[in-house]
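Peer 1: Sharing my_file.csv here; it has CSV, C-alpha atoms.
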```
chain,number,residue,atom,x,y,z
A,1,GLY,CA,-3.3,-20.4,8.0
A,2,TYR,CA,-2.3,-18.5,4.9
A,3,LEU,CA,0.9,-17.3,6.6
A,4,SER,CA,1.7,-20.8,7.8
A,5,ILE,CA,1.3,-22.3,4.4
A,6,GLY,CA,3.5,-19.7,2.9
A,7,ALA,CA,6.2,-20.2,5.6
A,8,VAL,CA,6.3,-23.9,4.9
A,9,ILE,CA,6.6,-23.4,1.2
A,10,PHE,CA,9.4,-20.8,1.6
A,11,MET,CA,11.2,-23.1,4.0
A,12,LEU,CA,11.1,-26.0,1.6
A,13,LEU,CA,12.2,-23.9,-1.4
A,14,GLU,CA,14.9,-21.8,0.2
A,15,GLY,CA,16.3,-24.1,2.8
A,16,ALA,CA,18.3,-26.2,0.4
A,17,GLU,CA,19.6,-23.2,-1.4
A,18,GLU,CA,20.8,-21.6,1.8
A,19,ARG,CA,22.6,-24.7,2.9
A,20,SER,CA,24.4,-24.9,-0.5
A,21,VAL,CA,25.6,-21.3,-0.2
A,22,VAL,CA,26.8,-21.9,3.4
A,23,MET,CA,28.8,-25.0,2.2
A,24,LYS,CA,30.4,-23.1,-0.7
A,25,LEU,CA,31.3,-20.1,1.6
A,26,LYS,CA,32.9,-22.4,4.2
A,27,GLU,CA,34.9,-24.2,1.5
A,28,LYS,CA,36.2,-20.9,0.0
A,29,ARG,CA,37.2,-19.6,3.4
A,30,HIS,CA,39.1,-22.8,4.1
A,31,HIS,CA,41.0,-22.7,0.8
A,32,PHE,CA,41.8,-19.0,1.3
A,33,LEU,CA,43.4,-19.6,4.7
A,34,GLU,CA,45.3,-22.6,3.3
A,35,ASP,CA,46.7,-20.5,0.4
A,36,ASN,CA,47.5,-17.5,2.6
A,37,THR,CA,49.1,-18.9,5.8
A,38,CYS,CA,50.2,-15.4,6.8
A,39,ILE,CA,46.6,-14.4,7.6
A,40,SER,CA,45.1,-15.7,10.8
A,41,ASP,CA,41.5,-16.8,11.1
A,42,SER,CA,40.8,-13.9,13.5
A,43,ASP,CA,42.2,-11.3,11.2
A,44,LEU,CA,40.1,-12.7,8.3
A,45,GLU,CA,37.1,-12.7,10.5
A,46,ASN,CA,37.5,-9.1,11.5
A,47,PHE,CA,38.1,-8.1,7.9
A,48,ILE,CA,34.9,-9.9,6.7
A,49,VAL,CA,32.9,-8.2,9.5
A,50,GLU,CA,34.0,-4.8,8.3
A,51,VAL,CA,33.2,-5.6,4.7
A,52,VAL,CA,29.7,-6.9,5.6
A,53,ASN,CA,28.9,-3.9,7.8
A,54,ALA,CA,30.0,-1.5,5.0
A,55,ALA,CA,27.9,-3.4,2.4
A,56,ASN,CA,24.9,-3.2,4.7
A,57,ARG,CA,25.3,0.5,4.7
A,58,GLY,CA,25.4,0.7,0.9
A,59,VAL,CA,29.2,0.9,0.5
A,60,SER,CA,30.7,-1.8,-1.7
A,61,ALA,CA,34.3,-3.1,-1.1
A,62,VAL,CA,34.6,-4.3,-4.8
A,63,LYS,CA,37.2,-2.6,-7.1
A,64,ASN,CA,39.2,-1.2,-4.2
A,65,VAL,CA,36.1,0.5,-2.7
A,66,SER,CA,35.6,2.6,-5.8
A,67,GLN,CA,32.2,3.8,-7.0
A,68,SER,CA,31.2,5.8,-10.0
A,69,GLU,CA,29.2,8.2,-7.8
A,70,PRO,CA,28.7,8.5,-4.0
A,71,ASN,CA,25.6,7.1,-2.4
A,72,TRP,CA,24.4,10.5,-1.3
A,73,SER,CA,24.5,12.5,-4.5
A,74,PHE,CA,21.3,14.3,-5.4
A,75,GLY,CA,19.9,11.5,-7.6
A,76,GLN,CA,20.6,8.9,-4.9
A,77,ALA,CA,19.2,11.1,-2.2
A,78,LEU,CA,16.0,11.7,-4.2
A,79,PHE,CA,15.6,8.0,-4.8
A,80,PHE,CA,16.1,7.3,-1.1
A,81,ALA,CA,13.5,10.0,-0.2
A,82,SER,CA,11.0,8.4,-2.6
A,83,THR,CA,11.4,5.0,-1.0
A,84,ILE,CA,10.7,6.6,2.4
A,85,VAL,CA,7.5,8.4,1.5
A,86,THR,CA,6.1,5.5,-0.5
A,87,THR,CA,7.0,3.1,2.3
A,88,ILE,CA,9.0,0.9,0.0
A,89,GLY,CA,12.1,1.1,2.2
A,90,TYR,CA,14.7,-1.0,0.5
A,91,GLY,CA,17.1,-0.7,3.4
A,92,ARG,CA,20.3,-1.0,1.3
A,93,VAL,CA,21.3,2.7,1.8
A,94,THR,CA,20.4,4.2,5.1
A,95,PRO,CA,21.3,7.3,7.1
A,96,LEU,CA,24.6,6.9,8.9
A,97,SER,CA,24.6,10.0,11.1
A,98,ASP,CA,22.4,10.7,14.1
A,99,ALA,CA,21.1,13.9,12.5
A,100,GLY,CA,20.2,12.0,9.3
A,101,LYS,CA,18.3,9.4,11.3
A,102,ALA,CA,16.4,12.1,13.2
A,103,PHE,CA,15.6,14.0,10.0
A,104,CYS,CA,14.4,10.7,8.4
A,105,ILE,CA,11.8,10.2,11.1
A,106,PHE,CA,10.5,13.8,10.7
A,107,PHE,CA,10.6,13.5,6.9
A,108,ALA,CA,8.6,10.3,7.0
A,109,VAL,CA,6.0,11.5,9.5
A,110,LEU,CA,5.2,14.5,7.2
A,111,GLY,CA,5.9,12.9,3.9
A,112,ILE,CA,3.9,9.7,4.1
A,113,PRO,CA,0.5,11.4,4.6
A,114,LEU,CA,1.3,13.9,1.9
A,115,THR,CA,2.2,11.1,-0.5
A,116,LEU,CA,-1.1,9.3,0.3
A,117,VAL,CA,-3.0,12.5,-0.5
A,118,LEU,CA,-1.1,12.8,-3.8
A,119,PHE,CA,-1.8,9.2,-4.7
A,120,SER,CA,-5.5,9.6,-3.8
A,121,ALA,CA,-5.8,12.8,-5.9
A,122,CYS,CA,-4.1,11.2,-8.9
A,123,VAL,CA,-6.4,8.1,-8.7
A,124,GLU,CA,-9.5,10.3,-8.6
A,125,ARG,CA,-8.4,12.1,-11.7
A,126,LEU,CA,-7.5,8.9,-13.5
A,127,MET,CA,-10.9,7.4,-12.6
A,128,ILE,CA,-12.6,9.9,-14.9
A,129,PRO,CA,-11.3,8.4,-18.1
A,130,CYS,CA,-11.6,5.0,-16.7
A,131,ARG,CA,-15.3,5.5,-16.0
A,132,GLN,CA,-15.7,7.0,-19.5
A,133,LEU,CA,-14.2,3.8,-20.9
A,134,LEU,CA,-16.6,1.8,-18.8
A,135,TYR,CA,-19.6,3.8,-20.0
A,136,TRP,CA,-18.4,3.4,-23.6
A,137,LEU,CA,-18.3,-0.4,-23.0
A,138,TYR,CA,-21.9,-0.2,-21.6
A,139,ASP,CA,-23.0,1.6,-24.7
A,140,LYS,CA,-21.4,-0.9,-27.1
A,141,LEU,CA,-21.9,-4.2,-25.3
A,142,GLY,CA,-24.9,-3.4,-23.0
A,143,HIS,CA,-27.4,-5.2,-25.3
A,144,LEU,CA,-25.1,-8.3,-25.5
A,145,CYS,CA,-23.6,-8.8,-22.1
A,146,LYS,CA,-24.5,-8.5,-18.4
A,147,VAL,CA,-23.3,-5.5,-16.4
A,148,PHE,CA,-21.0,-7.8,-14.3
A,149,HIS,CA,-19.4,-9.2,-17.5
A,150,ILE,CA,-18.7,-5.7,-18.9
A,151,GLN,CA,-17.2,-4.6,-15.6
A,152,ILE,CA,-14.9,-7.7,-15.7
A,153,LEU,CA,-13.9,-6.8,-19.2
A,154,HIS,CA,-13.1,-3.2,-18.1
A,155,LEU,CA,-11.0,-4.6,-15.2
A,156,ILE,CA,-9.1,-6.8,-17.6
A,157,ILE,CA,-8.3,-3.9,-19.8
A,158,ILE,CA,-6.9,-1.8,-16.9
A,159,LEU,CA,-5.0,-4.9,-15.7
A,160,PHE,CA,-3.4,-5.4,-19.1
A,161,VAL,CA,-2.4,-1.7,-19.3
A,162,HIS,CA,-0.7,-2.0,-15.9
A,163,VAL,CA,1.0,-5.3,-16.5
A,164,ILE,CA,2.3,-4.3,-20.0
A,165,PHE,CA,3.4,-0.7,-19.5
A,166,PHE,CA,4.4,-0.8,-15.8
A,167,MET,CA,5.6,-4.4,-15.4
A,168,LEU,CA,6.7,-6.1,-18.6
A,169,VAL,CA,8.2,-3.2,-20.5
A,170,PRO,CA,10.1,-1.7,-17.5
A,171,ALA,CA,11.4,-5.2,-16.6
A,172,ALA,CA,12.8,-5.5,-20.1
A,173,ILE,CA,14.5,-2.1,-19.7
A,174,PHE,CA,16.0,-3.0,-16.3
A,175,ALA,CA,17.2,-6.3,-17.7
A,176,MET,CA,19.1,-4.4,-20.4
A,177,LEU,CA,20.5,-1.7,-18.1
A,178,GLU,CA,21.5,-4.0,-15.2
A,179,PRO,CA,24.4,-6.3,-16.2
A,180,LYS,CA,23.7,-9.0,-13.5
A,181,TRP,CA,19.9,-9.2,-13.9
A,182,ASN,CA,18.0,-11.5,-16.0
A,183,TYR,CA,14.4,-10.8,-17.1
A,184,LEU,CA,12.9,-12.7,-14.1
A,185,ASP,CA,15.0,-10.7,-11.7
A,186,ALA,CA,13.9,-7.4,-13.3
A,187,PHE,CA,10.2,-8.5,-13.3
A,188,TYR,CA,10.6,-9.6,-9.7
A,189,TYR,CA,12.0,-6.1,-8.8
A,190,CYS,CA,9.1,-4.3,-10.5
A,191,PHE,CA,6.5,-6.4,-8.6
A,192,ILE,CA,8.3,-6.2,-5.2
A,193,SER,CA,8.7,-2.4,-5.6
A,194,LEU,CA,5.3,-1.4,-6.9
A,195,SER,CA,3.6,-3.5,-4.2
A,196,THR,CA,5.7,-1.5,-1.7
A,197,ILE,CA,7.2,-4.7,-0.2
A,198,GLY,CA,10.7,-3.4,-1.0
A,199,LEU,CA,12.9,-6.3,0.1
A,200,GLY,CA,16.1,-4.6,-1.1
A,201,ASP,CA,17.8,-7.5,-2.7
A,202,TYR,CA,17.6,-5.9,-6.1
A,203,ILE,CA,18.0,-2.2,-6.5
A,204,PRO,CA,18.7,-0.5,-9.9
A,205,GLY,CA,21.8,1.6,-10.3
A,206,ASP,CA,23.8,0.0,-7.4
A,207,SER,CA,26.5,-1.4,-9.6
A,208,PHE,CA,29.9,0.1,-8.8
A,209,ASP,CA,30.5,1.0,-12.5
A,210,GLN,CA,27.0,2.2,-13.3
A,211,PRO,CA,27.1,5.1,-15.8
A,212,HIS,CA,24.9,8.1,-15.2
A,213,ARG,CA,23.9,6.8,-11.9
A,214,ALA,CA,22.2,9.9,-10.6
A,215,LEU,CA,20.0,10.3,-13.7
A,216,TYR,CA,19.2,6.6,-13.6
A,217,LYS,CA,18.0,6.9,-10.0
A,218,VAL,CA,15.9,10.0,-10.8
A,219,ALA,CA,14.2,8.1,-13.7
A,220,THR,CA,13.6,5.1,-11.4
A,221,THR,CA,12.0,7.4,-8.8
A,222,PHE,CA,9.4,8.7,-11.3
A,223,TYR,CA,8.7,5.2,-12.5
A,224,LEU,CA,8.0,4.1,-8.9
A,225,LEU,CA,5.6,7.0,-8.3
A,226,MET,CA,3.7,6.4,-11.6
A,227,GLY,CA,3.6,2.6,-11.1
A,228,ILE,CA,2.2,2.8,-7.6
A,229,THR,CA,-0.4,5.2,-8.8
A,230,MET,CA,-1.4,2.9,-11.5
A,231,LEU,CA,-1.6,-0.1,-9.1
A,232,LEU,CA,-3.9,1.9,-6.8
A,233,LEU,CA,-6.1,2.7,-9.8
A,234,LEU,CA,-6.3,-1.0,-10.6
A,235,ILE,CA,-7.3,-1.8,-7.0
A,236,THR,CA,-9.9,1.0,-7.1
A,237,VAL,CA,-11.5,-0.4,-10.3
A,238,PHE,CA,-11.4,-3.9,-8.7
A,239,TYR,CA,-13.3,-2.8,-5.6
A,240,ASP,CA,-15.8,-0.8,-7.7
A,241,ILE,CA,-17.3,-4.2,-8.8
A,242,PRO,CA,-19.6,-5.2,-5.9
A,243,GLU,CA,-19.4,-9.0,-6.8
A,244,LEU,CA,-15.6,-8.9,-6.3
A,245,ASN,CA,-15.6,-6.6,-3.2
A,246,LEU,CA,-15.4,-9.1,-0.3
A,247,GLY,CA,-15.4,-6.2,2.2
A,248,TYR,CA,-18.7,-5.0,0.7
A,249,HIS,CA,-20.3,-8.4,1.4
A,250,PHE,CA,-18.8,-8.4,4.9
A,251,TYR,CA,-20.2,-5.0,5.7
A,252,LEU,CA,-23.6,-6.1,4.4
A,253,LYS,CA,-23.7,-9.0,6.9
A,254,SER,CA,-22.5,-6.7,9.7
A,255,ASP,CA,-25.3,-4.2,8.8
A,256,GLU,CA,-27.9,-6.9,8.9
A,257,VAL,CA,-26.7,-8.1,12.3
A,258,CYS,CA,-26.7,-4.5,13.6
A,259,LYS,CA,-30.3,-4.0,12.2
A,260,LYS,CA,-31.5,-7.1,14.0
A,261,THR,CA,-29.9,-5.9,17.2
A,262,GLU,CA,-31.5,-2.4,16.9
A,263,ASP,CA,-34.9,-4.0,16.2
A,264,SER,CA,-34.7,-6.2,19.3
A,265,GLU,CA,-33.5,-3.2,21.4
A,266,ARG,CA,-36.4,-1.1,20.1
A,267,THR,CA,-38.9,-3.8,20.9
A,268,ARG,CA,-37.5,-4.2,24.4
A,269,LEU,CA,-37.8,-0.4,25.0
A,270,LYS,CA,-41.4,-0.4,23.9
A,271,GLN,CA,-42.3,-3.2,26.2
A,272,SER,CA,-40.6,-1.4,29.1
A,273,GLU,CA,-42.6,1.7,28.3
A,274,LEU,CA,-45.9,-0.2,28.3
A,275,THR,CA,-45.2,-1.9,31.6
A,276,SER,CA,-44.0,1.3,33.3
A,277,ASN,CA,-46.4,3.5,35.3
A,278,LYS,CA,-44.3,6.6,35.2
A,279,LYS,CA,-45.7,9.7,33.5
A,280,TYR,CA,-43.3,11.8,31.4
A,281,ILE,CA,-44.1,15.4,30.8
A,282,LYS,CA,-42.5,17.2,27.8
A,283,GLN,CA,-41.1,20.6,28.7
A,284,VAL,CA,-41.8,23.2,26.1
A,285,ASP,CA,-40.2,26.6,26.5
A,286,ASP,CA,-41.4,28.0,23.2
A,287,VAL,CA,-44.5,30.1,24.1
A,288,GLN,CA,-45.3,30.8,20.5
A,289,SER,CA,-45.4,27.0,19.7
A,290,ILE,CA,-47.8,26.5,22.6
A,291,ARG,CA,-50.1,29.2,21.5
A,292,SER,CA,-50.3,27.9,17.9
A,293,GLY,CA,-51.3,24.4,19.2
A,294,GLN,CA,-48.2,22.6,17.8
A,295,TYR,CA,-47.8,20.8,21.1
A,296,GLN,CA,-51.6,20.1,21.6
A,297,SER,CA,-51.0,16.5,22.6
A,298,TYR,CA,-49.0,17.6,25.6
A,299,GLN,CA,-51.1,20.5,26.7
A,300,GLN,CA,-52.8,18.5,29.4
A,301,ASP,CA,-49.4,18.5,31.2
A,302,ILE,CA,-48.7,22.1,30.6
A,303,THR,CA,-50.1,25.1,32.4
A,304,PRO,CA,-52.1,27.2,30.0
A,305,VAL,CA,-50.4,30.3,28.8
A,306,THR,CA,-52.3,33.5,28.9
A,307,GLU,CA,-51.6,36.8,27.1
A,308,GLU,CA,-49.5,39.1,29.1
A,309,GLU,CA,-50.9,42.4,30.0
A,310,PRO,CA,-49.3,45.3,28.2
```
Go through the file and emit its structure as structure tokens.

Peer 2:
Amino acid sequence: GYLSIGAVIFMLLEGAEERSVVMKLKEKRHHFLEDNTCISDSDLENFIVEVVNAANRGVSAVKNVSQSEPNWSFGQALFFASTIVTTIGYGRVTPLSDAGKAFCIFFAVLGIPLTLVLFSACVERLMIPCRQLLYWLYDKLGHLCKVFHIQILHLIIILFVHVIFFMLVPAAIFAMLEPKWNYLDAFYYCFISLSTIGLGDYIPGDSFDQPHRALYKVATTFYLLMGITMLLLLITVFYDIPELNLGYHFYLKSDEVCKKTEDSERTRLKQSELTSNKKYIKQVDDVQSIRSGQYQSYQQDITPVTEEEP
């Protein structure tokens, strides 16, 4: 239901915009062919296909196919590797060779679990000062507020830190560095990237005249790693509050059902034992335990053990 509601809203919001873009593109194509009669429609179609395919591989045809730095410099490659292991996967720049595609699979299979371990370790370390902050709030506000309210205040503090230092401030920096981005575009990029959705419609440093492109990509890589770690910390703090942990309530209900099932099964087994006439004899192989009388209740079913002759 949630997916269906979202699909309907996206269809209503984006359908008209898409139709507008299609009409403008058709009009520009028509005027171009009218102004350049020496170019046939098929030649223009072939040229557009080549340009679109190159753009999908991260190569821009703007400015006579000139870029400040290649897509596979060290900074660009490091940025691409980070999007693989963090599962962001923008999809703008992708491996072109068969060897690159094969290595990408191997790199992801090994790198994604290692990255998850890294994130888990970082969150565990960061939870130490977070819990110290929570205990400090307990000490200062415990006589005034309920525990739940103090936990909510603690969550709000962590949320503000994440939003301000990993969403609002970076969005302002990206809006200044990217010539075609407004603040909403930059904030949209930060949210889409840190949530590992990675649509790929906005990628920093992809302008053909971007100065210091490799350094820019490296800095963005470290921002993504720190931002995702902070987001995971926020989620951990959220789920530490039992009243907000929906999964906790779900598991409680499941445990209650399992307990009832186990009780009914135990009752059924007891009834079957009472109605059964079979006699069960416990086999004891430990002679020393029999001599000490530990299994006295079963000794009527066991042959008495006598001392062996020396």

Peer 1: Give me, please, the distance in Å between atom CA of A:Ala81 and atom CA of A:Leu232, quoted to one decimal.

Peer 2: 20.3 Å

Peer 1: Taking all atoms listed in the file into account, name the residue in A:Val109, A:Leu155, A:Leu12, A:Leu225 that is nearest to A:Cys130.

Peer 2: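 Closest to A:Cys130 of all the choices is A:Leu155.
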
Peer 1: Measuring atom to atom with all atoms listed in the file, identify which of A:Tyr90, A:Trp136, A:Phe174, A:Tyr183 is nearest to A:Ile150.

Peer 2: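 Once distances to A:Ile150 are computed over all atoms listed in the file, the minimum belongs to A:Trp136.
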
Peer 1: Pick from A:Phe148, A:Val169, A:Leu177, A:Ile197: nearest to A:Pro242, with all atoms listed in the file counted?

Peer 2: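 Looking at the shortest contact to A:Pro242, the residue is A:Phe148.
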
Peer 1: Take atom CA of A:Glu69 and atom CA of A:Arg213 and report the distance between them in Å, one decimal.

Peer 2: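 Atom-to-atom, atom CA of A:Glu69 to atom CA of A:Arg213, that is 6.8 Å.
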
Peer 1: Between atom CA of A:Leu199 and atom CA of A:Ile88, measure the distance and give it in Å to one decimal.

Peer 2: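 For atom CA of A:Leu199 relative to atom CA of A:Ile88, the distance reads 8.2 Å.
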
Peer 1: Which is closest to A:Asp240 among A:Met127, A:Val117, A:Met11, A:Ile105, if we use all atoms listed in the file?

Peer 2: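 The shortest atom-to-atom distance to A:Asp240 comes from A:Met127.
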
Peer 1: Between A:Cys190, A:Lys180, A:Leu133, A:Tyr202, which has the minimum distance to A:Val237 (counting only C-alpha atoms)?

Peer 2: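 Checking each candidate against A:Val237, we get A:Leu133 as the closest.
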
Peer 1: Taking (41.2, -15.3, 4.1) in the file's coordinates as the center, which residues reach within 12 Å of it, counting only C-alpha atoms, put as a list in words?

Peer 2: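 Those residues lying close to the given coordinates are Leu25, Lys26, Glu27, Lys28, Arg29, His30, His31, Phe32, Leu33, Glu34, Asp35, Asn36, Thr37, Cys38, Ile39, Ser40, Asp41, Ser42, Asp43, Leu44, Glu45, Asn46, Phe47 and Ile48 of chain A.
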
Peer 1: Any chance you can output those residues with C-alpha atoms as a PDB file, keeping the file's coordinate frame?

Peer 2:
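The result, stored in part-v1.pdb:
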```pdb
ATOM      1  CA  LEU A  25      31.300 -20.100   1.600  1.00  0.00           C
ATOM      2  CA  LYS A  26      32.900 -22.400   4.200  1.00  0.00           C
ATOM      3  CA  GLU A  27      34.900 -24.200   1.500  1.00  0.00           C
ATOM      4  CA  LYS A  28      36.200 -20.900   0.000  1.00  0.00           C
ATOM      5  CA  ARG A  29      37.200 -19.600   3.400  1.00  0.00           C
ATOM      6  CA  HIS A  30      39.100 -22.800   4.100  1.00  0.00           C
ATOM      7  CA  HIS A  31      41.000 -22.700   0.800  1.00  0.00           C
ATOM      8  CA  PHE A  32      41.800 -19.000   1.300  1.00  0.00           C
ATOM      9  CA  LEU A  33      43.400 -19.600   4.700  1.00  0.00           C
ATOM     10  CA  GLU A  34      45.300 -22.600   3.300  1.00  0.00           C
ATOM     11  CA  ASP A  35      46.700 -20.500   0.400  1.00  0.00           C
ATOM     12  CA  ASN A  36      47.500 -17.500   2.600  1.00  0.00           C
ATOM     13  CA  THR A  37      49.100 -18.900   5.800  1.00  0.00           C
ATOM     14  CA  CYS A  38      50.200 -15.400   6.800  1.00  0.00           C
ATOM     15  CA  ILE A  39      46.600 -14.400   7.600  1.00  0.00           C
ATOM     16  CA  SER A  40      45.100 -15.700  10.800  1.00  0.00           C
ATOM     17  CA  ASP A  41      41.500 -16.800  11.100  1.00  0.00           C
ATOM     18  CA  SER A  42      40.800 -13.900  13.500  1.00  0.00           C
ATOM     19  CA  ASP A  43      42.200 -11.300  11.200  1.00  0.00           C
ATOM     20  CA  LEU A  44      40.100 -12.700   8.300  1.00  0.00           C
ATOM     21  CA  GLU A  45      37.100 -12.700  10.500  1.00  0.00           C
ATOM     22  CA  ASN A  46      37.500  -9.100  11.500  1.00  0.00           C
ATOM     23  CA  PHE A  47      38.100  -8.100   7.900  1.00  0.00           C
ATOM     24  CA  ILE A  48      34.900  -9.900   6.700  1.00  0.00           C
TER      25      ILE A  48
END
```

Peer 1: Compile the contact shell of A:Trp181 as a ChimeraX atom specification: residues with an atom at most 12 Å away, counting all atoms listed in the file, same-chain residues fewer than 6 positions apart removed.

Peer 2: /A:171-175,187-189,201-207

Peer 1: Of the residues A:Leu224, A:Val8, A:Leu137, A:Met176, which is the one nearest to A:Phe80, using all atoms listed in the file?

Peer 2: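 Ranking A:Leu224, A:Val8, A:Leu137, A:Met176 by distance to A:Phe80, first place goes to A:Leu224.
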
Peer 1: Could you complete stretch 33-52 of chain A so that it carries N, CA and C atoms, and give it back as a PDB file, keeping the file's coordinate frame?

Peer 2:
```pdb
ATOM      1  N   LEU A  33      42.439 -19.565   3.573  1.00  0.00           N
ATOM      2  CA  LEU A  33      43.400 -19.600   4.700  1.00  0.00           C
ATOM      3  C   LEU A  33      44.514 -20.593   4.392  1.00  0.00           C
ATOM      4  N   GLU A  34      44.257 -21.649   3.641  1.00  0.00           N
ATOM      5  CA  GLU A  34      45.300 -22.600   3.300  1.00  0.00           C
ATOM      6  C   GLU A  34      46.314 -21.924   2.313  1.00  0.00           C
ATOM      7  N   ASP A  35      45.801 -21.122   1.384  1.00  0.00           N
ATOM      8  CA  ASP A  35      46.700 -20.500   0.400  1.00  0.00           C
ATOM      9  C   ASP A  35      47.388 -19.261   0.946  1.00  0.00           C
ATOM     10  N   ASN A  36      46.864 -18.686   2.031  1.00  0.00           N
ATOM     11  CA  ASN A  36      47.500 -17.500   2.600  1.00  0.00           C
ATOM     12  C   ASN A  36      47.705 -17.746   4.106  1.00  0.00           C
ATOM     13  N   THR A  37      48.784 -18.452   4.382  1.00  0.00           N
ATOM     14  CA  THR A  37      49.100 -18.900   5.800  1.00  0.00           C
ATOM     15  C   THR A  37      49.468 -17.688   6.649  1.00  0.00           C
ATOM     16  N   CYS A  38      49.833 -16.556   6.022  1.00  0.00           N
ATOM     17  CA  CYS A  38      50.200 -15.400   6.800  1.00  0.00           C
ATOM     18  C   CYS A  38      49.053 -14.696   7.471  1.00  0.00           C
ATOM     19  N   ILE A  39      47.840 -15.037   7.049  1.00  0.00           N
ATOM     20  CA  ILE A  39      46.600 -14.400   7.600  1.00  0.00           C
ATOM     21  C   ILE A  39      45.991 -15.374   8.580  1.00  0.00           C
ATOM     22  N   SER A  40      45.768 -14.879   9.777  1.00  0.00           N
ATOM     23  CA  SER A  40      45.100 -15.700  10.800  1.00  0.00           C
ATOM     24  C   SER A  40      43.621 -15.724  10.600  1.00  0.00           C
ATOM     25  N   ASP A  41      42.996 -16.682  11.219  1.00  0.00           N
ATOM     26  CA  ASP A  41      41.500 -16.800  11.100  1.00  0.00           C
ATOM     27  C   ASP A  41      40.835 -15.605  11.739  1.00  0.00           C
ATOM     28  N   SER A  42      41.381 -15.095  12.858  1.00  0.00           N
ATOM     29  CA  SER A  42      40.800 -13.900  13.500  1.00  0.00           C
ATOM     30  C   SER A  42      40.874 -12.683  12.676  1.00  0.00           C
ATOM     31  N   ASP A  43      42.048 -12.486  12.011  1.00  0.00           N
ATOM     32  CA  ASP A  43      42.200 -11.300  11.200  1.00  0.00           C
ATOM     33  C   ASP A  43      41.236 -11.363   9.974  1.00  0.00           C
ATOM     34  N   LEU A  44      41.086 -12.535   9.386  1.00  0.00           N
ATOM     35  CA  LEU A  44      40.100 -12.700   8.300  1.00  0.00           C
ATOM     36  C   LEU A  44      38.714 -12.435   8.759  1.00  0.00           C
ATOM     37  N   GLU A  45      38.399 -12.904   9.952  1.00  0.00           N
ATOM     38  CA  GLU A  45      37.100 -12.700  10.500  1.00  0.00           C
ATOM     39  C   GLU A  45      36.770 -11.218  10.704  1.00  0.00           C
ATOM     40  N   ASN A  46      37.727 -10.504  11.246  1.00  0.00           N
ATOM     41  CA  ASN A  46      37.500  -9.100  11.500  1.00  0.00           C
ATOM     42  C   ASN A  46      37.382  -8.325  10.146  1.00  0.00           C
ATOM     43  N   PHE A  47      38.153  -8.714   9.146  1.00  0.00           N
ATOM     44  CA  PHE A  47      38.100  -8.100   7.900  1.00  0.00           C
ATOM     45  C   PHE A  47      36.685  -8.322   7.203  1.00  0.00           C
ATOM     46  N   ILE A  48      36.214  -9.544   7.307  1.00  0.00           N
ATOM     47  CA  ILE A  48      34.900  -9.900   6.700  1.00  0.00           C
ATOM     48  C   ILE A  48      33.800  -9.104   7.416  1.00  0.00           C
ATOM     49  N   VAL A  49      33.890  -8.950   8.731  1.00  0.00           N
ATOM     50  CA  VAL A  49      32.900  -8.200   9.500  1.00  0.00           C
ATOM     51  C   VAL A  49      32.835  -6.753   8.995  1.00  0.00           C
ATOM     52  N   GLU A  50      34.005  -6.147   8.761  1.00  0.00           N
ATOM     53  CA  GLU A  50      34.000  -4.800   8.300  1.00  0.00           C
ATOM     54  C   GLU A  50      33.425  -4.658   6.889  1.00  0.00           C
ATOM     55  N   VAL A  51      33.733  -5.610   6.033  1.00  0.00           N
ATOM     56  CA  VAL A  51      33.200  -5.600   4.700  1.00  0.00           C
ATOM     57  C   VAL A  51      31.675  -5.747   4.678  1.00  0.00           C
ATOM     58  N   VAL A  52      31.177  -6.667   5.498  1.00  0.00           N
ATOM     59  CA  VAL A  52      29.700  -6.900   5.600  1.00  0.00           C
ATOM     60  C   VAL A  52      29.006  -5.690   6.139  1.00  0.00           C
TER      61      VAL A  52
END
```
